[in-house]
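For reference, my_file_1.txt is printed below; it contains compact mmCIF, C-alpha atoms.
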# COMPACT_ATOMS: atom_id res chain seq x y z
CA MET A 1 19.20 -1.49 -3.65
CA ARG A 2 16.64 -4.06 -4.79
CA ILE A 3 14.74 -3.54 -8.05
CA HIS A 4 11.29 -5.01 -8.79
CA ASP A 5 10.35 -4.85 -12.48
CA ILE A 6 6.55 -4.59 -12.59
CA THR A 7 6.40 -4.10 -16.36
CA VAL A 8 4.80 -6.79 -18.51
CA THR A 9 7.25 -8.00 -21.16
CA ILE A 10 5.97 -7.31 -24.67
CA ARG A 11 6.41 -10.37 -26.90
CA ALA A 12 5.30 -10.65 -30.50
CA GLY A 13 2.25 -12.92 -30.68
CA GLN A 14 2.50 -13.78 -26.98
CA THR A 15 1.26 -10.66 -25.19
CA PRO A 16 -2.46 -10.53 -24.36
CA VAL A 17 -4.29 -7.64 -26.00
CA TRP A 18 -7.70 -6.11 -25.48
CA PRO A 19 -10.32 -7.89 -27.64
CA GLY A 20 -10.25 -6.33 -31.10
CA ASP A 21 -6.83 -4.72 -30.71
CA PRO A 22 -4.03 -5.85 -33.04
CA GLN A 23 -1.57 -8.48 -31.93
CA VAL A 24 2.00 -7.38 -31.27
CA GLU A 25 4.30 -7.75 -34.26
CA ARG A 26 8.07 -7.37 -34.38
CA THR A 27 9.84 -7.81 -37.70
CA LEU A 28 13.57 -7.58 -38.40
CA ILE A 29 13.89 -5.26 -41.39
CA TRP A 30 17.70 -5.38 -41.21
CA GLN A 31 19.69 -8.28 -39.82
CA ILE A 32 23.40 -8.62 -39.11
CA GLY A 33 25.02 -10.80 -41.72
CA GLU A 34 22.42 -10.15 -44.39
CA ARG A 35 23.91 -7.13 -46.15
CA SER A 36 23.67 -5.20 -42.88
CA THR A 37 25.94 -4.34 -39.97
CA ALA A 38 23.02 -3.88 -37.55
CA ASN A 39 19.77 -5.46 -36.40
CA VAL A 40 16.78 -3.10 -36.85
CA SER A 41 13.25 -4.03 -35.80
CA HIS A 42 9.91 -2.74 -37.03
CA LEU A 43 7.22 -2.75 -34.31
CA ALA A 44 3.44 -2.81 -34.74
CA LEU A 45 1.26 -2.65 -31.63
CA SER A 46 -1.58 -0.80 -29.97
CA ALA A 47 -0.78 2.20 -27.77
CA HIS A 48 -2.52 0.24 -25.00
CA THR A 49 -0.29 -2.83 -25.15
CA GLY A 50 1.09 -4.32 -21.94
CA THR A 51 2.00 -1.81 -19.25
CA HIS A 52 0.67 1.51 -20.52
CA VAL A 53 -0.79 4.90 -19.65
CA ASP A 54 -4.17 6.21 -20.83
CA ALA A 55 -4.67 9.85 -21.82
CA PRO A 56 -8.05 11.68 -21.66
CA VAL A 57 -8.45 11.63 -25.46
CA HIS A 58 -8.69 7.82 -25.24
CA PHE A 59 -12.41 8.22 -24.43
CA ILE A 60 -13.09 11.96 -24.64
CA ALA A 61 -13.03 13.60 -28.06
CA GLY A 62 -10.76 16.63 -28.26
CA ALA A 63 -9.26 16.05 -24.81
CA ALA A 64 -5.57 16.00 -23.84
CA ALA A 65 -3.21 13.51 -25.49
CA VAL A 66 -0.48 11.49 -23.81
CA GLU A 67 2.41 13.90 -24.48
CA THR A 68 0.62 16.64 -22.49
CA LEU A 69 0.14 14.66 -19.26
CA ASP A 70 1.32 16.48 -16.14
CA LEU A 71 4.81 15.34 -15.11
CA ASN A 72 4.09 16.58 -11.59
CA MET A 73 1.45 13.86 -11.28
CA LEU A 74 3.49 11.23 -13.10
CA ILE A 75 6.31 11.70 -10.58
CA GLY A 76 5.90 11.67 -6.80
CA PRO A 77 4.87 9.66 -3.71
CA CYS A 78 2.43 6.79 -4.23
CA ARG A 79 0.99 3.85 -2.37
CA VAL A 80 0.72 0.18 -3.37
CA CYS A 81 -2.30 -1.43 -1.71
CA THR A 82 -3.49 -5.03 -1.74
CA ILE A 83 -7.23 -5.35 -2.27
CA GLU A 84 -9.10 -8.67 -2.33
CA THR A 85 -12.78 -8.34 -3.21
CA GLY A 86 -13.78 -11.99 -3.65
CA GLY A 87 -15.29 -10.98 -6.98
CA LYS A 88 -14.60 -9.09 -10.21
CA HIS A 89 -15.45 -5.60 -9.01
CA ILE A 90 -13.76 -3.05 -6.75
CA GLY A 91 -16.38 -0.74 -5.27
CA ALA A 92 -16.20 2.51 -3.35
CA GLY A 93 -16.51 0.59 -0.08
CA ASP A 94 -13.46 -1.51 -0.93
CA LEU A 95 -11.42 1.66 -1.47
CA THR A 96 -12.70 3.19 1.75
CA SER A 97 -11.55 0.08 3.64
CA LEU A 98 -7.94 0.80 2.57
CA ALA A 99 -7.91 3.72 5.03
CA LEU A 100 -5.58 5.70 2.80
CA PRO A 101 -3.80 8.75 4.20
CA PRO A 102 -5.67 11.89 3.09
CA SER A 103 -2.54 13.04 1.25
CA THR A 104 -2.59 10.06 -1.17
CA ARG A 105 -2.47 11.29 -4.77
CA ARG A 106 -1.11 8.21 -6.54
CA LEU A 107 -2.48 4.71 -5.90
CA LEU A 108 -1.52 1.31 -7.37
CA LEU A 109 -3.97 -1.52 -6.69
CA LYS A 110 -2.62 -5.05 -6.24
CA THR A 111 -5.48 -7.48 -6.89
CA ALA A 112 -6.05 -11.06 -7.97
CA ASN A 113 -5.21 -9.78 -11.45
CA SER A 114 -1.50 -10.10 -10.81
CA ARG A 115 -1.94 -13.88 -10.79
CA LEU A 116 -3.44 -13.73 -14.29
CA TRP A 117 -0.07 -12.89 -15.80
CA ALA A 118 1.11 -16.41 -14.89
CA ARG A 119 -2.08 -18.13 -16.10
CA SER A 120 -1.95 -18.54 -19.90
CA PRO A 121 -0.22 -15.15 -20.11
CA ALA A 122 -0.53 -14.96 -23.91
CA VAL A 123 -4.34 -15.21 -23.76
CA PHE A 124 -6.59 -12.31 -22.75
CA GLN A 125 -8.34 -13.14 -19.46
CA ASN A 126 -12.00 -12.08 -19.26
CA ASP A 127 -12.33 -12.48 -15.49
CA PHE A 128 -10.05 -9.63 -14.42
CA VAL A 129 -10.88 -7.39 -11.47
CA ALA A 130 -11.79 -3.78 -12.28
CA LEU A 131 -13.42 -0.67 -10.83
CA THR A 132 -17.12 0.08 -10.53
CA ALA A 133 -18.60 3.46 -11.42
CA ASP A 134 -18.90 4.42 -7.74
CA ALA A 135 -15.24 3.47 -7.18
CA ALA A 136 -14.23 5.77 -10.04
CA GLN A 137 -16.21 8.61 -8.48
CA TRP A 138 -14.61 7.83 -5.10
CA ILE A 139 -11.17 8.26 -6.67
CA VAL A 140 -12.17 11.62 -8.13
CA ASP A 141 -13.79 12.78 -4.86
CA HIS A 142 -10.63 11.87 -2.90
CA ARG A 143 -8.43 13.85 -5.29
CA ILE A 144 -6.34 10.88 -6.41
CA GLY A 145 -4.59 12.01 -9.58
CA LEU A 146 -3.12 8.67 -10.75
CA ILE A 147 -4.58 5.20 -10.37
CA GLY A 148 -2.84 1.98 -11.40
CA ILE A 149 -4.21 -1.54 -11.75
CA ASP A 150 -2.63 -4.92 -12.47
CA TYR A 151 -4.43 -5.89 -15.68
CA LEU A 152 -5.17 -4.23 -19.00
CA SER A 153 -8.04 -1.99 -17.91
CA VAL A 154 -9.51 -0.21 -14.90
CA GLU A 155 -12.93 -0.86 -16.48
CA PRO A 156 -14.88 -4.14 -16.49
CA LEU A 157 -15.04 -5.80 -19.90
CA GLU A 158 -18.82 -5.72 -19.92
CA ASN A 159 -19.18 -1.97 -19.34
CA ALA A 160 -21.04 -0.05 -22.06
CA PRO A 161 -20.78 2.90 -22.11
CA PRO A 162 -17.28 3.13 -20.55
CA ILE A 163 -18.36 5.17 -17.53
CA VAL A 164 -15.29 4.32 -15.41
CA HIS A 165 -12.85 5.66 -17.99
CA ARG A 166 -14.96 8.71 -18.73
CA THR A 167 -15.36 9.56 -15.05
CA LEU A 168 -11.64 9.26 -14.33
CA LEU A 169 -10.23 10.72 -17.54
CA GLY A 170 -12.82 13.49 -17.52
CA ALA A 171 -11.54 14.55 -14.11
CA GLY A 172 -7.92 14.47 -15.30
CA VAL A 173 -6.97 11.25 -13.49
CA ILE A 174 -4.04 9.48 -15.16
CA LEU A 175 -4.55 5.73 -15.68
CA LEU A 176 -1.63 3.30 -15.41
CA GLU A 177 -2.85 -0.10 -16.62
CA GLY A 178 -1.25 -3.49 -17.15
CA ILE A 179 1.26 -3.49 -14.29
CA ASN A 180 2.33 -6.74 -12.61
CA LEU A 181 2.50 -6.46 -8.81
CA THR A 182 2.85 -10.18 -8.07
CA ASP A 183 6.05 -9.88 -6.03
CA VAL A 184 5.52 -6.35 -4.70
CA PRO A 185 4.70 -5.82 -1.01
CA PRO A 186 2.18 -3.10 -0.19
CA GLY A 187 3.55 0.18 1.09
CA ALA A 188 4.65 3.70 0.28
CA TYR A 189 6.89 4.37 -2.70
CA THR A 190 8.03 7.14 -5.00
CA LEU A 191 6.52 6.92 -8.48
CA VAL A 192 8.21 8.14 -11.64
CA CYS A 193 5.98 7.31 -14.60
CA LEU A 194 7.20 8.35 -18.06
CA PRO A 195 5.16 6.93 -20.97
CA LEU A 196 6.47 7.26 -24.50
CA LYS A 197 6.02 10.83 -25.75
CA ILE A 198 3.83 10.23 -28.79
CA ALA A 199 2.18 13.36 -30.17
CA GLY A 200 -1.61 13.22 -30.21
CA SER A 201 -1.78 9.65 -28.89
CA ASP A 202 -4.58 8.31 -26.69
CA GLY A 203 -2.05 6.30 -24.70
CA ALA A 204 1.47 4.91 -24.71
CA PRO A 205 3.46 1.93 -23.40
CA ALA A 206 5.57 2.55 -20.28
CA ARG A 207 8.31 0.78 -18.30
CA ALA A 208 7.61 0.31 -14.58
CA ILE A 209 10.26 -0.51 -12.00
CA LEU A 210 10.05 -0.63 -8.21
CA ILE A 211 13.17 0.34 -6.33
CA GLU A 212 13.43 -0.84 -2.74
CA ASP A 213 16.03 0.99 -0.67
CA GLU A 214 18.50 -1.49 0.84
CA ARG A 215 18.49 0.48 4.11
CA GLY A 216 15.30 -1.31 5.08
CA ASN A 217 11.96 -2.76 4.10
CA ASP A 218 9.71 -0.34 5.90
CA GLU A 219 7.28 1.76 3.89
CA GLY A 220 9.45 4.85 3.99
CA HIS A 221 12.32 3.12 2.21
CA ARG A 222 10.64 1.88 -0.95
CA GLN A 223 10.58 3.63 -4.31
CA VAL A 224 8.81 2.90 -7.60
CA LEU A 225 10.17 3.90 -10.98
CA CYS A 226 8.08 3.78 -14.18
CA LEU A 227 9.87 4.77 -17.37
CA GLY A 228 8.86 4.95 -21.01
CA ALA A 229 9.74 1.74 -22.77
Represent the structure contained in this file as structure tokens.
Amino acid sequence: MRIHDITVTIRAGQTPVWPGDPQVERTLIWQIGERSTANVSHLALSAHTGTHVDAPVHFIAGAAAVETLDLNMLIGPCRVCTIETGGKHIGAGDLTSLALPPSTRRLLLKTANSRLWARSPAVFQNDFVALTADAAQWIVDHRIGLIGIDYLSVEPLENAPPIVHRTLLGAGVILLEGINLTDVPPGAYTLVCLPLKIAGSDGAPARAILIEDERGNDEGHRQVLCLGA
């Protein structure tokens, strides 16, 4: 069994964050050898740090929080698809060209973004690829319940208002952002996505792992596992 870890490692002061969000901080409040028998860390970070899941309340007042997300959608078959647009935007036509099986309910998009994690990884990259408004509506119309992308947002940086998030979250689509698919071949997998269970939160960090069955490399023998960090 081969395991692909597609989770971005969270490092204090070295993990890119959305403009305006706080930097990651990790402080040892107890340290072995200094009147303590254990190391204990205090963490300070945004709920949308690194690999994370968005909940509807992130952009919709009074909507569902992260601990209420449907486990039946967070766990199940998914597809990883490579999509090269030649630009910064993924439109409805780009998604149509993937020729997804009608049964697809969970979709992870592998784009040029995955290469950004190796390019000044501690610095937020403005030129990431994201979805257009018509792509978001396409996802809703095709009954996809979970969409994942390989940088910190499904929405372009310049969007105001945030129509992509509101379209997807308003329809109950779960957003998995900040995954790294650099070394992951496209294909069919099983997704288990378990973000941290934080009451009332608009999002939460998650751990994402791809498991490839050693019986073969065909699409039917790959699995993806995404667990709360």
I'd like the box whose edges run along x, y and z of the file and which contains every listed atom of segment 109-112 of chain A, padded by 4 Å per side; could you state its centre and edge lengths in Å, one decimal, as JSON?
{"center_x": -4.3, "center_y": -6.3, "center_z": -7.1, "size_x": 11.4, "size_y": 17.5, "size_z": 9.7}
Checklist entry - With all atoms listed in the file as the basis for distance, which of A:Cys78, A:Pro121, A:Thr167, A:His89 is at the shortest distance from Arg11 of chain A? => result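 Using all atoms listed in the file, Arg11 of chain A sits closest to A:Pro121.
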Item to check | Near-Ile139 of chain A list (9 Å; all atoms listed in the file; drop same-chain fewer than 6 positions) as a list of chain:residue names | outcome: A:Ala92, A:Leu95, A:Gly145, A:Ile147, A:Leu168, A:Val173
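If you measure from each of A:Leu175, A:Ile144, A:Ile32, A:Ala12 to Pro101 of chain A using all atoms listed in the file, the closest one turns out to be A:Ile144.
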Checklist outcome for this item: In Å and to one decimal, atom CA of His165 of chain A is distant from atom CA of Ala47 of chain A by 15.9 Å
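Counting all atoms listed in the file and comparing A:Thr15, A:Thr27, A:Thr82, A:Pro102, the residue that lies closest to Ser120 of chain A is A:Thr15.
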Item to check | Ala133 of chain A environment, 8 Å, only C-alpha atoms, sequence neighbours closer than 3 positions dropped, as a list in words | outcome: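 Near neighbours after the sequence-gap exclusion: Gly91, Ala136, Gln137, Ile163, Val164 and Thr167 of chain A.
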Checklist entry - Contacts of Ala206 of chain A at 12 Å or less, counting all atoms listed in the file, minus same-chain residues fewer than 2 places along, as a PyMOL selection string? => result chain A and resi 5-10+47-54+66+74+175-179+192-198+203-204+208-209+225-229
Checklist entry - For the atom pair atom CA of Asp94 of chain A and atom CA of Ala112 of chain A, what is the interatomic distance in Å to one decimal place? => result 14.0 Å
Checklist entry - Once you count all atoms listed in the file, which residues end up no further than 6 Å from (0.4, -4.9, -8.0) in the file's frame, shown as a VMD selection string? => result chain A and resid 109 to 110 150 180 to 182
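Atom pair atom CA of Phe128 of chain A / atom CA of Leu45 of chain A has a distance of 21.7 Å (rounded to one decimal).
Closest approach to Gly87 of chain A among A:Asp127, A:Asp134, A:Asp202, A:Glu25: A:Asp127, based on all atoms listed in the file.
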Checklist entry - Using all atoms listed in the file, which residues sit within 9 Å of Arg143 of chain A once same-chain residues fewer than 6 positions away are excluded, as number ranges by chain? => result A: 103-105, 173
Checklist entry - What would the list of residues within 6 Å of (-9.0, -3.8, -15.2) (file frame) look like as a list in words, if only C-alpha atoms are what count? => result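 Using only C-alpha atoms, the matching residues come out as Phe128, Val129, Ala130, Tyr151, Leu152, Ser153, Val154 and Glu155 of chain A.
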Item to check | Contacts of Val80 of chain A within 9 Å, only C-alpha atoms, excl. fewer than 3 positions in-chain, as a VMD selection string | outcome: chain A and resid 106 to 110 148 181 184 to 189
Provide segment 119-138 of chain A rebuilt to N, CA and C atoms, formatted as a PDB file, in the coordinates of the input.
ATOM      1  N   ARG A 119      -1.099 -17.157 -15.630  1.00  0.00           N
ATOM      2  CA  ARG A 119      -2.080 -18.130 -16.100  1.00  0.00           C
ATOM      3  C   ARG A 119      -2.366 -17.881 -17.581  1.00  0.00           C
ATOM      4  N   SER A 120      -1.822 -18.734 -18.447  1.00  0.00           N
ATOM      5  CA  SER A 120      -1.950 -18.540 -19.900  1.00  0.00           C
ATOM      6  C   SER A 120      -1.698 -17.083 -20.258  1.00  0.00           C
ATOM      7  N   PRO A 121      -0.491 -16.585 -19.981  1.00  0.00           N
ATOM      8  CA  PRO A 121      -0.220 -15.150 -20.110  1.00  0.00           C
ATOM      9  C   PRO A 121      -0.402 -14.597 -21.516  1.00  0.00           C
ATOM     10  N   ALA A 122      -0.380 -15.445 -22.537  1.00  0.00           N
ATOM     11  CA  ALA A 122      -0.530 -14.960 -23.910  1.00  0.00           C
ATOM     12  C   ALA A 122      -1.992 -14.762 -24.288  1.00  0.00           C
ATOM     13  N   VAL A 123      -2.911 -15.251 -23.452  1.00  0.00           N
ATOM     14  CA  VAL A 123      -4.340 -15.210 -23.760  1.00  0.00           C
ATOM     15  C   VAL A 123      -5.028 -14.161 -22.898  1.00  0.00           C
ATOM     16  N   PHE A 124      -5.841 -13.306 -23.503  1.00  0.00           N
ATOM     17  CA  PHE A 124      -6.590 -12.310 -22.750  1.00  0.00           C
ATOM     18  C   PHE A 124      -7.540 -13.004 -21.771  1.00  0.00           C
ATOM     19  N   GLN A 125      -7.525 -12.554 -20.517  1.00  0.00           N
ATOM     20  CA  GLN A 125      -8.340 -13.140 -19.460  1.00  0.00           C
ATOM     21  C   GLN A 125      -9.579 -12.269 -19.209  1.00  0.00           C
ATOM     22  N   ASN A 126     -10.769 -12.843 -19.411  1.00  0.00           N
ATOM     23  CA  ASN A 126     -12.000 -12.080 -19.260  1.00  0.00           C
ATOM     24  C   ASN A 126     -12.364 -11.776 -17.809  1.00  0.00           C
ATOM     25  N   ASP A 127     -11.869 -12.579 -16.874  1.00  0.00           N
ATOM     26  CA  ASP A 127     -12.330 -12.480 -15.490  1.00  0.00           C
ATOM     27  C   ASP A 127     -11.420 -11.600 -14.630  1.00  0.00           C
ATOM     28  N   PHE A 128     -10.907 -10.526 -15.198  1.00  0.00           N
ATOM     29  CA  PHE A 128     -10.050  -9.630 -14.420  1.00  0.00           C
ATOM     30  C   PHE A 128     -10.879  -8.730 -13.503  1.00  0.00           C
ATOM     31  N   VAL A 129     -10.239  -8.279 -12.450  1.00  0.00           N
ATOM     32  CA  VAL A 129     -10.880  -7.390 -11.470  1.00  0.00           C
ATOM     33  C   VAL A 129     -10.738  -5.947 -11.939  1.00  0.00           C
ATOM     34  N   ALA A 130     -11.817  -5.170 -11.829  1.00  0.00           N
ATOM     35  CA  ALA A 130     -11.790  -3.780 -12.280  1.00  0.00           C
ATOM     36  C   ALA A 130     -12.694  -2.923 -11.383  1.00  0.00           C
ATOM     37  N   LEU A 131     -12.702  -1.633 -11.655  1.00  0.00           N
ATOM     38  CA  LEU A 131     -13.420  -0.670 -10.830  1.00  0.00           C
ATOM     39  C   LEU A 131     -14.883  -0.533 -11.236  1.00  0.00           C
ATOM     40  N   THR A 132     -15.737  -0.270 -10.255  1.00  0.00           N
ATOM     41  CA  THR A 132     -17.120   0.080 -10.530  1.00  0.00           C
ATOM     42  C   THR A 132     -17.218   1.589 -10.737  1.00  0.00           C
ATOM     43  N   ALA A 133     -18.382   2.031 -11.196  1.00  0.00           N
ATOM     44  CA  ALA A 133     -18.600   3.460 -11.420  1.00  0.00           C
ATOM     45  C   ALA A 133     -18.475   4.244 -10.120  1.00  0.00           C
ATOM     46  N   ASP A 134     -18.988   3.673  -9.007  1.00  0.00           N
ATOM     47  CA  ASP A 134     -18.900   4.420  -7.740  1.00  0.00           C
ATOM     48  C   ASP A 134     -17.459   4.451  -7.224  1.00  0.00           C
ATOM     49  N   ALA A 135     -16.661   3.445  -7.559  1.00  0.00           N
ATOM     50  CA  ALA A 135     -15.240   3.470  -7.180  1.00  0.00           C
ATOM     51  C   ALA A 135     -14.512   4.566  -7.954  1.00  0.00           C
ATOM     52  N   ALA A 136     -14.838   4.708  -9.238  1.00  0.00           N
ATOM     53  CA  ALA A 136     -14.230   5.770 -10.040  1.00  0.00           C
ATOM     54  C   ALA A 136     -14.564   7.139  -9.464  1.00  0.00           C
ATOM     55  N   GLN A 137     -15.826   7.322  -9.063  1.00  0.00           N
ATOM     56  CA  GLN A 137     -16.210   8.610  -8.480  1.00  0.00           C
ATOM     57  C   GLN A 137     -15.529   8.827  -7.143  1.00  0.00           C
ATOM     58  N   TRP A 138     -15.324   7.745  -6.378  1.00  0.00           N
ATOM     59  CA  TRP A 138     -14.610   7.830  -5.100  1.00  0.00           C
ATOM     60  C   TRP A 138     -13.191   8.341  -5.317  1.00  0.00           C
TER      61      TRP A 138
END
